[in-house]
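Down below is the structure, laid out as structure tokens.
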Amino acid sequence: MGSKSIARGAVLGVAIGTLSLSTQPGVAAERAVASAPKPASAPVVHPALWPSPKWPLAPNVADEARIADLLKRMTLEEKVGQVVQADIDSITPDEVRRYHIGSVLNGGNSGPNKDDFAPAPKWLELADALYAASVDTSAGGQGIPILWGIDAVHGHSNIIGATLFPQNIGLGAMRDPDLIERIGAATAVEIRTTGQEWTFAPTITVPQDYRWGRAYEGYSSNPDLVASYAGRMIVGLQGKPDGSRMLAGPHVLASTKHFIADGGTFEGRDQGDARISETELRDVHGKPYIPALEAGVGTVMTSFSSWQGQKIGGSKGLVTDLLKGRMHFGGFVVTDWNAHGQIAGCTNDSCPQAINAGVDMYMAPDSWRALYGSLLTQVKDGTVPMPRLDDAVARILRVKLRLGLFEAGKPSSRPLAGDWSLLGAPAHRAVAREAVGKSLVLLKNSGVLPLKPNANILVAGDGADDVARQSGGWTITWQGTGLTKAMFPGATTLWGGIHAAVKAAGGHAELRPDGAYTTKPDAAIVVFGETPYAEFQGDIKSLQLRPELRAPLATMRKLKAAGIPVVAVMLTGRPLFVNPELNAADAFVVAWLPGSEGGGVADRLFAAPGVAAPFTGALPTAWPLTAKPGGPALYRFGYGLSGRERGTLWRKLSEDPGVADAGTDGVFLAAGVATPGWSLQVGDGAASVTRITTVPAQALGGRIKVTAVDYGVQEGARHFALAGGAAQTIALRSERPVDLSRESNGDVMMLATLRLDAPQGSDLTLGMACDGAGCAGSRALAPGSLPVGAWRTIGIPIKCFAATVAMQRVTAPFELRTRQPLAISIARVSLGMVADDVLKCQP
């Protein structure tokens, strides 16, 4: 799911993947040739070849009678309103009342009063306001209560102060279904405190290519492991499917996602195409849906992605014939964020194909008004048959009745609501800490672990004292970026947990990210790894850390050369090529993305009385020997040391990643230099173009001069002096177009870190272009919009240019144009989500 951009924090470089092959174990099913062309017609589904799980809920006679009565009394406008879901940043309570909206959601960066950092009571206040509007019948209507969905995907992760459980890939390493159910139950309780009733969880994808930026949302590449968790998490969230009203107990509505094969796309591309056989679709990606349906999951979210060229949300064969027919799903189907607009023949504003295929609710966050209008017209003219609309509405009403939404009253009056002692409760944090400890996977131990807690311990690396980094994406904000330590009250970093453990035992611990020390330590713990990301920004081309995240390797080598035992602790959402780090460390622990309870890491690093095996985690997928997709495994699925083995001789691994470094994807200019595949150009934007490879340089007969200036590092930016008098451009271009259509569907921005060195003229514009005549768009930068003499990261949502730029073939993602004098320095241009100043689409 996409969401809003945020105007705070530092610039974030991203990686956009375009290459991928499966590298994971546990897939014994038939696999189609990866390069197979897309079919000319929709793929055929054979439901009779699929399992037929039993839906656990018998029809409730009273509920069915009530649904039939409501359908008779509801107007067409009310019915259409029920199948539309709007984002809270794009709708008011009054509009909920007037349009009879059936559901709202908050995207990853949405919040009460457009503040995604709003304190918990504000969320409950808005829940009350939306509920009151939905049941208000003063202007007519049946007063059907609204349903609020939220991405509580690793705990109630949008809310400041909530317990953050490990991301799903870490939970997959636990091999503990009982603990999964307890995590679901704790999450449901915390959701109930702020008044929401529905979580878009669990994600039961089965990732087959870990270059996919959402792979960490899957428990494992092994379908049996994912299936062992799916039903248990749903029971934890919803309670047992015994016909009782969920809201009468400590429960919420669940949603499995993303149906189906979002983890099986070609080249691991987010929102891509699963070019696989129906056998693999069934036996790998369909397997977790069997226990999910048997647990009575209330909703299913369709994927952005396709199967054999057809978008899932537009496939009647998959949604109606298979899911609702053969597999007996009795809840309702919802799309992902504006995903209906990607179905063939559709736009965000109009898509009868989705509901006709079997979708029951459109997630139309910012497009809901136009979609509402088009659906009204399409039902009236018969494009959408009335029986199909009635069936969709009936399914939504059935789920609302199963929840107990009609009799629950306003959110603040319901059990658990407003009990802030339950948000981040000690009991929930204890469950999360247990999960952290069980999720750790020990890949290497040359006899240094477990450590003695009464020793002198140095903690180094750039990830040791950062809750946001150890929590990953979908944490308070969509991408998990732009956050401060103050936003995690009650949380414990890895450093905090280590310090507490050592202090309690009478030892000494010191935090020095660069590895410096005054007294030689007995051992050093070096924490390193990935920084947070979510969809779009997490895709990578090869299985390796971005170059700027590899600096702790030098620290490990320096410490080891000094004779200090080194324990490497890696924060990561996926297995990556880290042979150099494995060689440099005496012990290597994969901590995944542990969440708010970093103390769980210390629980396993240090010797504890009575603990026979400090490490019990096992790899949920294979660990690669090289960074090359499809390459051999260094450690296979299920590998994991206990920490009690005798130290063995380490055979040094090759440090050749096997592929060219692909760490600069999504970054077009870094340290003032164009990244591979991109060209920094100045000129008049037409006949005269000069490529800048070295500085100083000049163009247009000296009217444009380019020199180096310092930013971050020596000569880390380029200064442009434009004399004016005629057309002048500064641009980043490539001969090979890039596809930014996915990013334009969300709120990913084009970011530029720059400094205006003199007051600008009145005609300065920022834009982008694609191949083809007239394929360009720009946004005016009004004088005074940028401060003079200050480095700022400015951002503009890519979608601002979608009306005039073909996003599938962008050749110039960044163009500055002016005819007047300009003095400006530019250090970096990239895709990202965090900016000091966000430019709106219209000035």
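Following the order of the structure tokens, first chain is A, next is B, and so on, with residues numbered from 1 inside each chain and ligands from 1 in the order they appear.
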Determine, counting only C-alpha atoms, which protein, DNA and RNA residues have an atom within 12 Å of an atom of A:Gly647; residues of the same chain fewer than 3 positions away are not included. Present the result as a short mmCIF file (atom, residue, chain, number, x, y, z; two decimals) with all heavy atoms, in the first residue's frame.
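This went into part-v3.cif:
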```cif
data_model
loop_
_atom_site.label_atom_id
_atom_site.label_comp_id
_atom_site.auth_asym_id
_atom_site.auth_seq_id
_atom_site.Cartn_x
_atom_site.Cartn_y
_atom_site.Cartn_z
N LYS A 444 27.51 -17.95 12.29
CA LYS A 444 28.92 -18.28 12.51
C LYS A 444 29.26 -18.07 13.97
O LYS A 444 28.80 -17.10 14.59
CB LYS A 444 29.81 -17.38 11.65
CG LYS A 444 31.31 -17.57 11.87
CD LYS A 444 32.13 -16.56 11.07
CE LYS A 444 33.62 -16.73 11.30
NZ LYS A 444 34.43 -15.73 10.56
N ASN A 445 30.04 -18.97 14.54
CA ASN A 445 30.53 -18.81 15.90
C ASN A 445 31.84 -19.54 16.05
O ASN A 445 31.89 -20.77 16.03
CB ASN A 445 29.51 -19.33 16.92
CG ASN A 445 29.96 -19.08 18.35
OD1 ASN A 445 30.73 -18.16 18.61
ND2 ASN A 445 29.48 -19.89 19.29
N SER A 446 32.91 -18.78 16.15
CA SER A 446 34.24 -19.38 16.32
C SER A 446 34.60 -19.52 17.78
O SER A 446 35.77 -19.39 18.16
CB SER A 446 35.28 -18.51 15.59
OG SER A 446 34.98 -18.46 14.21
N GLY A 447 33.60 -19.75 18.60
CA GLY A 447 33.82 -19.97 20.02
C GLY A 447 33.70 -18.74 20.88
O GLY A 447 33.87 -18.82 22.10
N VAL A 448 33.37 -17.58 20.30
CA VAL A 448 33.31 -16.35 21.08
C VAL A 448 31.97 -16.20 21.81
O VAL A 448 31.90 -15.52 22.84
CB VAL A 448 33.58 -15.14 20.18
CG1 VAL A 448 32.47 -14.95 19.14
CG2 VAL A 448 33.75 -13.86 21.00
N LEU A 449 30.92 -16.81 21.30
CA LEU A 449 29.60 -16.72 21.93
C LEU A 449 29.32 -17.98 22.73
O LEU A 449 29.73 -19.07 22.36
CB LEU A 449 28.52 -16.53 20.87
CG LEU A 449 28.46 -15.18 20.18
CD1 LEU A 449 27.36 -15.17 19.12
CD2 LEU A 449 28.23 -14.05 21.17
N PRO A 450 28.57 -17.84 23.84
CA PRO A 450 28.00 -16.59 24.37
C PRO A 450 29.05 -15.75 25.09
O PRO A 450 30.03 -16.28 25.62
CB PRO A 450 26.93 -17.09 25.35
CG PRO A 450 27.44 -18.43 25.79
CD PRO A 450 28.14 -19.02 24.61
N ASP A 586 34.10 -12.90 14.26
CA ASP A 586 34.28 -14.18 14.94
C ASP A 586 32.95 -14.88 15.16
O ASP A 586 32.89 -16.10 15.29
CB ASP A 586 35.00 -13.98 16.28
CG ASP A 586 36.40 -13.43 16.09
OD1 ASP A 586 37.28 -14.20 15.67
OD2 ASP A 586 36.61 -12.22 16.33
N ALA A 587 31.90 -14.09 15.24
CA ALA A 587 30.54 -14.63 15.33
C ALA A 587 29.64 -13.70 14.54
O ALA A 587 29.88 -12.49 14.45
CB ALA A 587 30.08 -14.72 16.78
N LEU A 641 22.94 -22.12 13.94
CA LEU A 641 23.72 -22.69 15.04
C LEU A 641 23.05 -22.41 16.38
O LEU A 641 22.24 -21.49 16.50
CB LEU A 641 25.13 -22.11 15.03
CG LEU A 641 25.96 -22.32 13.75
CD1 LEU A 641 27.27 -21.54 13.85
CD2 LEU A 641 26.21 -23.80 13.51
N SER A 642 23.40 -23.17 17.38
CA SER A 642 22.83 -22.97 18.71
C SER A 642 23.70 -22.07 19.59
O SER A 642 23.21 -21.49 20.56
CB SER A 642 22.65 -24.31 19.42
OG SER A 642 23.92 -24.85 19.79
N GLY A 643 24.98 -21.94 19.25
CA GLY A 643 25.89 -21.19 20.11
C GLY A 643 26.59 -22.07 21.12
O GLY A 643 27.46 -21.60 21.86
N ARG A 644 26.23 -23.35 21.17
CA ARG A 644 26.87 -24.28 22.09
C ARG A 644 27.84 -25.22 21.37
O ARG A 644 28.47 -26.07 21.99
CB ARG A 644 25.81 -25.12 22.81
CG ARG A 644 24.89 -24.31 23.71
CD ARG A 644 25.64 -23.59 24.81
NE ARG A 644 24.74 -22.95 25.77
CZ ARG A 644 25.13 -22.10 26.71
NH1 ARG A 644 26.41 -21.77 26.81
NH2 ARG A 644 24.26 -21.57 27.54
N TRP A 650 37.43 -21.70 10.52
CA TRP A 650 36.66 -20.99 9.49
C TRP A 650 37.43 -21.01 8.18
O TRP A 650 38.61 -20.68 8.12
CB TRP A 650 36.43 -19.54 9.93
CG TRP A 650 35.73 -18.70 8.90
CD1 TRP A 650 36.27 -17.75 8.10
CD2 TRP A 650 34.34 -18.73 8.59
NE1 TRP A 650 35.32 -17.17 7.30
CE2 TRP A 650 34.11 -17.76 7.58
CE3 TRP A 650 33.25 -19.49 9.04
CZ2 TRP A 650 32.85 -17.53 7.03
CZ3 TRP A 650 32.00 -19.26 8.50
CH2 TRP A 650 31.81 -18.29 7.50
#
```
For this session: Skip A:Gly638 itself and residues of its chain fewer than 6 positions away, then list as a list in words all residues within 8 Å of it, counting only C-alpha atoms.
Result: Ala618, Leu619, Pro620, Thr621 and Ala622 of chain A
For this session: May I ask which of the residues A:Asp128, A:Ala58, A:Ala835, A:Met386 is the closest one to A:Gly409, counting only C-alpha atoms?
Result: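 Among the listed residues, A:Asp128 lies closest to A:Gly409.
Comparing the minimum interatomic distances between A:Val333 and each of A:Cys351, A:Ile146, A:Ala486, A:Val359, counting only C-alpha atoms, we find that A:Val359 sits nearest.
With only C-alpha atoms taken into account, the protein and nucleic acid residues at most 9 Å from A:Met174 (excluding it and anything under 3 positions from it in its own chain) are A:Gly170, A:Leu171, A:Pro177, A:Leu179, A:Ala435, A:Val436, A:Gly437, A:Lys438, A:Ser439, A:Leu440, A:Val441, A:Thr616, A:Gly617, A:Ala618, A:Leu619, A:Pro620.
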Go ahead and write the residues just picked, C-alpha atoms, as a compact mmCIF listing (two decimals), in the first residue's frame.
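The resulting selection-v4.txt:
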```txt
# COMPACT_ATOMS: atom_id res chain seq x y z
CA GLY A 170 12.16 -12.62 11.69
CA LEU A 171 9.02 -14.30 12.99
CA PRO A 177 3.03 -20.91 15.71
CA LEU A 179 3.86 -17.39 19.73
CA ALA A 435 9.95 -13.20 19.77
CA VAL A 436 13.15 -11.20 19.20
CA GLY A 437 15.23 -13.77 21.07
CA LYS A 438 13.70 -16.68 19.22
CA SER A 439 14.10 -15.00 15.83
CA LEU A 440 17.88 -14.53 15.98
CA VAL A 441 19.83 -16.80 13.65
CA THR A 616 17.15 -21.42 18.44
CA GLY A 617 16.33 -19.47 15.26
CA ALA A 618 16.58 -21.09 11.85
CA LEU A 619 16.81 -19.41 8.45
CA PRO A 620 13.36 -18.86 6.91
```
Problem set entry | Residues near A:Leu680, cut-off 7 Å, only C-alpha atoms, skip fewer than 4 positions along chain, as a VMD selection string | chain A and resid 674 691 to 692 731 to 733
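Look at A:Ala727: the protein and nucleic acid residues within 12 Å of it, using only C-alpha atoms and passing over chain neighbours fewer than 2 places away, are Val682, Gly683, Asp684, Gly685, Ala686, Ala687, Ser688, Val689, Leu700, Arg703, Ile704, Leu722, Ala723, Gly724, Gly725, Thr729, Ile730, Asp763, Leu764, Thr765, Leu816, Arg817, Thr818, Arg819, Gln820, Pro821 and Leu822 of chain A.
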How would the residues just picked look written out with N, CA, C and O atoms as a compact mmCIF listing (two decimals), in the first residue's frame?
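Listing of out.txt after writing:
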```
# COMPACT_ATOMS: atom_id res chain seq x y z
N VAL A 682 24.24 20.26 -19.03
CA VAL A 682 23.83 21.66 -19.02
C VAL A 682 23.76 22.14 -20.47
O VAL A 682 24.38 21.55 -21.36
N GLY A 683 22.99 23.18 -20.69
CA GLY A 683 22.88 23.71 -22.04
C GLY A 683 21.64 24.54 -22.20
O GLY A 683 21.13 25.12 -21.21
N ASP A 684 21.11 24.57 -23.42
CA ASP A 684 19.89 25.35 -23.66
C ASP A 684 18.65 24.47 -23.74
O ASP A 684 17.57 24.94 -24.08
N GLY A 685 18.83 23.18 -23.47
CA GLY A 685 17.70 22.27 -23.49
C GLY A 685 17.27 21.87 -24.87
O GLY A 685 16.25 21.20 -25.04
N ALA A 686 18.02 22.26 -25.89
CA ALA A 686 17.64 21.96 -27.27
C ALA A 686 18.88 21.53 -28.05
O ALA A 686 19.38 20.42 -27.89
N ALA A 687 19.42 22.44 -28.86
CA ALA A 687 20.52 22.09 -29.76
C ALA A 687 21.85 21.98 -29.04
O ALA A 687 22.71 21.20 -29.43
N SER A 688 22.06 22.79 -28.00
CA SER A 688 23.36 22.83 -27.35
C SER A 688 23.30 22.15 -25.99
O SER A 688 22.63 22.63 -25.07
N VAL A 689 23.97 21.01 -25.88
CA VAL A 689 23.99 20.24 -24.64
C VAL A 689 25.43 19.84 -24.33
O VAL A 689 26.14 19.31 -25.20
N LEU A 700 27.61 26.86 -23.37
CA LEU A 700 26.95 28.01 -23.98
C LEU A 700 27.90 29.20 -24.07
O LEU A 700 27.54 30.33 -23.71
N ARG A 703 28.38 31.04 -20.75
CA ARG A 703 27.22 31.55 -20.00
C ARG A 703 26.84 30.60 -18.85
O ARG A 703 26.15 31.00 -17.93
N ILE A 704 27.27 29.35 -18.92
CA ILE A 704 27.08 28.40 -17.81
C ILE A 704 28.45 27.92 -17.38
O ILE A 704 29.24 27.42 -18.19
N LEU A 722 24.75 30.44 -13.81
CA LEU A 722 24.08 30.67 -15.08
C LEU A 722 23.93 32.17 -15.29
O LEU A 722 23.38 32.88 -14.42
N ALA A 723 24.40 32.66 -16.42
CA ALA A 723 24.41 34.10 -16.67
C ALA A 723 23.06 34.66 -17.09
O ALA A 723 22.80 35.85 -16.94
N GLY A 724 22.19 33.81 -17.62
CA GLY A 724 20.89 34.29 -18.06
C GLY A 724 20.93 34.84 -19.47
O GLY A 724 21.93 34.77 -20.19
N GLY A 725 19.79 35.41 -19.90
CA GLY A 725 19.70 36.02 -21.21
C GLY A 725 19.08 35.14 -22.27
O GLY A 725 18.68 35.62 -23.32
N THR A 729 19.46 25.11 -19.04
CA THR A 729 18.97 23.94 -18.32
C THR A 729 20.09 23.26 -17.56
O THR A 729 21.26 23.30 -17.96
N ILE A 730 19.69 22.64 -16.44
CA ILE A 730 20.55 21.71 -15.69
C ILE A 730 19.72 20.43 -15.57
O ILE A 730 18.60 20.47 -15.04
N ASP A 763 11.29 32.84 -13.28
CA ASP A 763 10.85 31.81 -14.23
C ASP A 763 11.48 30.44 -13.98
O ASP A 763 11.47 29.58 -14.86
N LEU A 764 12.03 30.20 -12.79
CA LEU A 764 12.70 28.94 -12.50
C LEU A 764 11.66 27.82 -12.38
O LEU A 764 10.67 27.94 -11.65
N THR A 765 11.89 26.70 -13.09
CA THR A 765 11.00 25.56 -13.01
C THR A 765 11.79 24.29 -12.73
O THR A 765 12.97 24.17 -13.08
N LEU A 816 16.09 21.47 -14.27
CA LEU A 816 15.92 22.86 -13.86
C LEU A 816 16.03 23.74 -15.10
O LEU A 816 16.97 23.58 -15.89
N ARG A 817 15.08 24.67 -15.26
CA ARG A 817 15.09 25.55 -16.44
C ARG A 817 14.88 27.00 -16.00
O ARG A 817 14.07 27.28 -15.11
N THR A 818 15.60 27.90 -16.65
CA THR A 818 15.40 29.33 -16.42
C THR A 818 16.07 30.11 -17.55
O THR A 818 17.01 29.62 -18.19
N ARG A 819 15.59 31.30 -17.80
CA ARG A 819 16.21 32.22 -18.75
C ARG A 819 16.94 33.35 -18.02
O ARG A 819 17.54 34.22 -18.66
N GLN A 820 16.85 33.35 -16.71
CA GLN A 820 17.42 34.43 -15.92
C GLN A 820 18.68 33.96 -15.19
O GLN A 820 18.95 32.75 -15.14
N PRO A 821 19.44 34.86 -14.61
CA PRO A 821 20.63 34.44 -13.87
C PRO A 821 20.27 33.52 -12.71
O PRO A 821 19.24 33.68 -12.06
N LEU A 822 21.14 32.55 -12.46
CA LEU A 822 20.91 31.59 -11.38
C LEU A 822 22.26 31.12 -10.85
O LEU A 822 23.16 30.80 -11.61
```
Contacts of stretch 455-464 of chain A at 6 Å or less, counting only C-alpha atoms, minus same-chain residues fewer than 2 places along, as a short mmCIF file (atom, residue, chain, number, x, y, z; two decimals) with all heavy atoms, in the first residue's frame?
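Everything below was put into part-v2.cif:
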```
data_model
loop_
_atom_site.label_atom_id
_atom_site.label_comp_id
_atom_site.auth_asym_id
_atom_site.auth_seq_id
_atom_site.Cartn_x
_atom_site.Cartn_y
_atom_site.Cartn_z
N LYS A 452 30.47 -13.16 28.06
CA LYS A 452 30.30 -13.02 29.50
C LYS A 452 29.79 -11.62 29.80
O LYS A 452 30.41 -10.63 29.41
CB LYS A 452 31.64 -13.26 30.21
CG LYS A 452 32.17 -14.68 30.06
CD LYS A 452 33.50 -14.86 30.77
CE LYS A 452 34.02 -16.28 30.60
NZ LYS A 452 35.34 -16.47 31.27
N PRO A 453 28.65 -11.50 30.48
CA PRO A 453 28.07 -10.17 30.69
C PRO A 453 28.86 -9.28 31.65
O PRO A 453 28.66 -8.07 31.66
CB PRO A 453 26.68 -10.49 31.26
CG PRO A 453 26.83 -11.84 31.90
CD PRO A 453 27.82 -12.58 31.04
N ASP A 466 19.31 2.80 17.47
CA ASP A 466 18.34 3.42 16.56
C ASP A 466 17.12 2.53 16.45
O ASP A 466 17.12 1.53 15.73
CB ASP A 466 19.00 3.61 15.18
CG ASP A 466 18.16 4.45 14.24
OD1 ASP A 466 16.93 4.53 14.44
OD2 ASP A 466 18.75 5.03 13.31
N LEU A 494 19.16 -1.93 20.54
CA LEU A 494 20.09 -3.02 20.80
C LEU A 494 21.14 -2.59 21.82
O LEU A 494 21.48 -3.35 22.73
CB LEU A 494 20.77 -3.45 19.49
CG LEU A 494 20.06 -4.53 18.68
CD1 LEU A 494 18.70 -4.06 18.19
CD2 LEU A 494 20.92 -4.98 17.51
N TRP A 495 21.64 -1.37 21.67
CA TRP A 495 22.61 -0.85 22.63
C TRP A 495 22.00 -0.79 24.02
O TRP A 495 22.64 -1.18 25.00
CB TRP A 495 23.10 0.52 22.20
CG TRP A 495 23.59 1.37 23.35
CD1 TRP A 495 23.01 2.50 23.84
CD2 TRP A 495 24.75 1.14 24.17
NE1 TRP A 495 23.72 2.99 24.91
CE2 TRP A 495 24.80 2.17 25.14
CE3 TRP A 495 25.73 0.15 24.19
CZ2 TRP A 495 25.79 2.25 26.10
CZ3 TRP A 495 26.74 0.24 25.15
CH2 TRP A 495 26.76 1.29 26.09
N GLY A 507 29.60 -5.67 34.65
CA GLY A 507 30.57 -5.39 33.60
C GLY A 507 30.52 -3.94 33.16
O GLY A 507 29.87 -3.09 33.78
N HIS A 508 31.18 -3.65 32.04
CA HIS A 508 31.21 -2.29 31.52
C HIS A 508 30.94 -2.34 30.01
O HIS A 508 31.53 -3.15 29.29
CB HIS A 508 32.58 -1.64 31.76
CG HIS A 508 32.72 -0.30 31.10
ND1 HIS A 508 32.13 0.85 31.58
CD2 HIS A 508 33.39 0.06 29.96
CE1 HIS A 508 32.43 1.85 30.78
NE2 HIS A 508 33.20 1.41 29.79
N ALA A 509 30.04 -1.48 29.55
CA ALA A 509 29.73 -1.40 28.12
C ALA A 509 29.88 0.04 27.66
O ALA A 509 29.50 0.98 28.37
CB ALA A 509 28.32 -1.90 27.85
N GLU A 510 30.43 0.21 26.46
CA GLU A 510 30.64 1.54 25.90
C GLU A 510 30.15 1.56 24.46
O GLU A 510 30.42 0.64 23.68
CB GLU A 510 32.12 1.90 25.94
CG GLU A 510 32.43 3.30 25.42
CD GLU A 510 33.91 3.64 25.53
OE1 GLU A 510 34.70 2.73 25.84
OE2 GLU A 510 34.26 4.80 25.28
N LEU A 511 29.40 2.61 24.09
CA LEU A 511 28.90 2.77 22.74
C LEU A 511 29.81 3.72 21.97
O LEU A 511 29.89 4.90 22.29
CB LEU A 511 27.47 3.31 22.75
CG LEU A 511 26.85 3.62 21.38
CD1 LEU A 511 26.70 2.34 20.56
CD2 LEU A 511 25.49 4.30 21.54
N ARG A 512 30.48 3.21 20.93
CA ARG A 512 31.33 4.02 20.07
C ARG A 512 31.11 3.55 18.63
O ARG A 512 31.72 2.57 18.20
CB ARG A 512 32.80 3.87 20.46
CG ARG A 512 33.16 4.42 21.85
CD ARG A 512 32.96 5.92 21.96
NE ARG A 512 33.86 6.63 21.08
CZ ARG A 512 35.10 7.03 21.41
NH1 ARG A 512 35.56 6.77 22.64
NH2 ARG A 512 35.85 7.67 20.55
N PRO A 513 30.20 4.20 17.90
CA PRO A 513 29.88 3.74 16.54
C PRO A 513 31.08 3.53 15.65
O PRO A 513 31.08 2.63 14.80
CB PRO A 513 28.96 4.85 16.02
CG PRO A 513 28.31 5.40 17.24
CD PRO A 513 29.37 5.36 18.30
N GLY A 515 34.02 2.52 16.53
CA GLY A 515 34.89 1.46 17.03
C GLY A 515 36.09 1.94 17.82
O GLY A 515 36.94 1.13 18.21
N PRO A 521 38.77 -3.49 24.82
CA PRO A 521 37.63 -4.28 25.31
C PRO A 521 37.90 -5.78 25.23
O PRO A 521 38.77 -6.24 24.49
CB PRO A 521 36.50 -3.88 24.36
CG PRO A 521 37.20 -3.51 23.09
CD PRO A 521 38.50 -2.88 23.51
N ASP A 522 37.12 -6.52 26.00
CA ASP A 522 37.22 -7.98 25.94
C ASP A 522 36.57 -8.52 24.67
O ASP A 522 36.95 -9.57 24.16
CB ASP A 522 36.54 -8.60 27.17
CG ASP A 522 37.22 -8.20 28.46
OD1 ASP A 522 38.46 -8.26 28.51
OD2 ASP A 522 36.51 -7.79 29.40
N ALA A 523 35.57 -7.79 24.18
CA ALA A 523 34.89 -8.19 22.94
C ALA A 523 34.17 -6.97 22.38
O ALA A 523 33.85 -6.03 23.12
CB ALA A 523 33.91 -9.33 23.18
N ALA A 524 33.93 -6.99 21.08
CA ALA A 524 33.21 -5.90 20.43
C ALA A 524 31.99 -6.45 19.70
O ALA A 524 32.06 -7.50 19.05
CB ALA A 524 34.11 -5.16 19.45
N ILE A 525 30.87 -5.76 19.84
CA ILE A 525 29.65 -6.09 19.09
C ILE A 525 29.46 -4.98 18.06
O ILE A 525 29.33 -3.81 18.42
CB ILE A 525 28.43 -6.17 20.04
CG1 ILE A 525 28.65 -7.25 21.10
CG2 ILE A 525 27.15 -6.43 19.24
CD1 ILE A 525 27.61 -7.22 22.22
N VAL A 526 29.43 -5.34 16.79
CA VAL A 526 29.31 -4.36 15.71
C VAL A 526 27.95 -4.56 15.03
O VAL A 526 27.68 -5.62 14.46
CB VAL A 526 30.44 -4.50 14.68
CG1 VAL A 526 30.29 -3.45 13.59
CG2 VAL A 526 31.80 -4.37 15.36
N VAL A 527 27.10 -3.53 15.12
CA VAL A 527 25.75 -3.61 14.58
C VAL A 527 25.71 -2.85 13.25
O VAL A 527 26.05 -1.67 13.19
CB VAL A 527 24.72 -3.02 15.56
CG1 VAL A 527 23.30 -3.19 15.02
CG2 VAL A 527 24.84 -3.69 16.94
N PHE A 528 25.25 -3.51 12.20
CA PHE A 528 25.25 -2.91 10.87
C PHE A 528 24.06 -3.46 10.09
O PHE A 528 23.32 -4.32 10.56
CB PHE A 528 26.55 -3.21 10.14
CG PHE A 528 26.64 -4.62 9.61
CD1 PHE A 528 26.51 -4.87 8.25
CD2 PHE A 528 26.80 -5.70 10.47
CE1 PHE A 528 26.58 -6.16 7.75
CE2 PHE A 528 26.86 -7.00 9.98
CZ PHE A 528 26.75 -7.24 8.62
N PRO A 552 30.77 -0.20 8.30
CA PRO A 552 31.15 -0.97 9.50
C PRO A 552 32.10 -2.14 9.23
O PRO A 552 32.73 -2.64 10.16
CB PRO A 552 29.80 -1.46 10.03
CG PRO A 552 28.83 -0.40 9.61
CD PRO A 552 29.30 -0.03 8.23
#
```
Problem set entry | Two-atom distance - atom CA of A:Leu323, atom CA of A:Ala370 (Å) |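 It comes out at 28.6 Å.
Closest approach to A:Phe577 from the set A:Gly795, A:Gly263, A:Pro624, A:Gly268 is made by A:Pro624, with distances taken over only C-alpha atoms.
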Problem set entry | Surrounding residues of A:Ala806 excluding itself and chain neighbours under 2 positions, 10 Å, only C-alpha atoms, as number ranges by chain | A: 739-741, 769-772, 775-777, 801-804, 808-811
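The shortest atom-to-atom distance to A:Ala408, with only C-alpha atoms taken into account, belongs to A:Glu197 out of A:Glu278, A:Glu197, A:Glu294, A:Asp270.
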For this session: Return the single residue from A:Gly107, A:Gly313, A:Gly161, A:Gly640 that is closest to A:Ser421, with distances computed using only C-alpha atoms.
Result: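 Selected residue with least distance to A:Ser421: A:Gly161.
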Exercise. What does the distance between atom CA of A:Arg182 and atom CA of A:Glu434 come to in Å, to one decimal place?
Worked result: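 Separating atom CA of A:Arg182 from atom CA of A:Glu434 is a distance of 11.0 Å.
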Problem set entry | Shortest interatomic distance to A:Pro813 - which of A:His258, A:His428, A:Arg755, A:Arg736, counting only C-alpha atoms |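 Of the candidates, the smallest distance to A:Pro813 is held by A:Arg736.
A straight line drawn from atom CA of A:Asp115 to atom CA of A:Met833 is 15.6 Å long.
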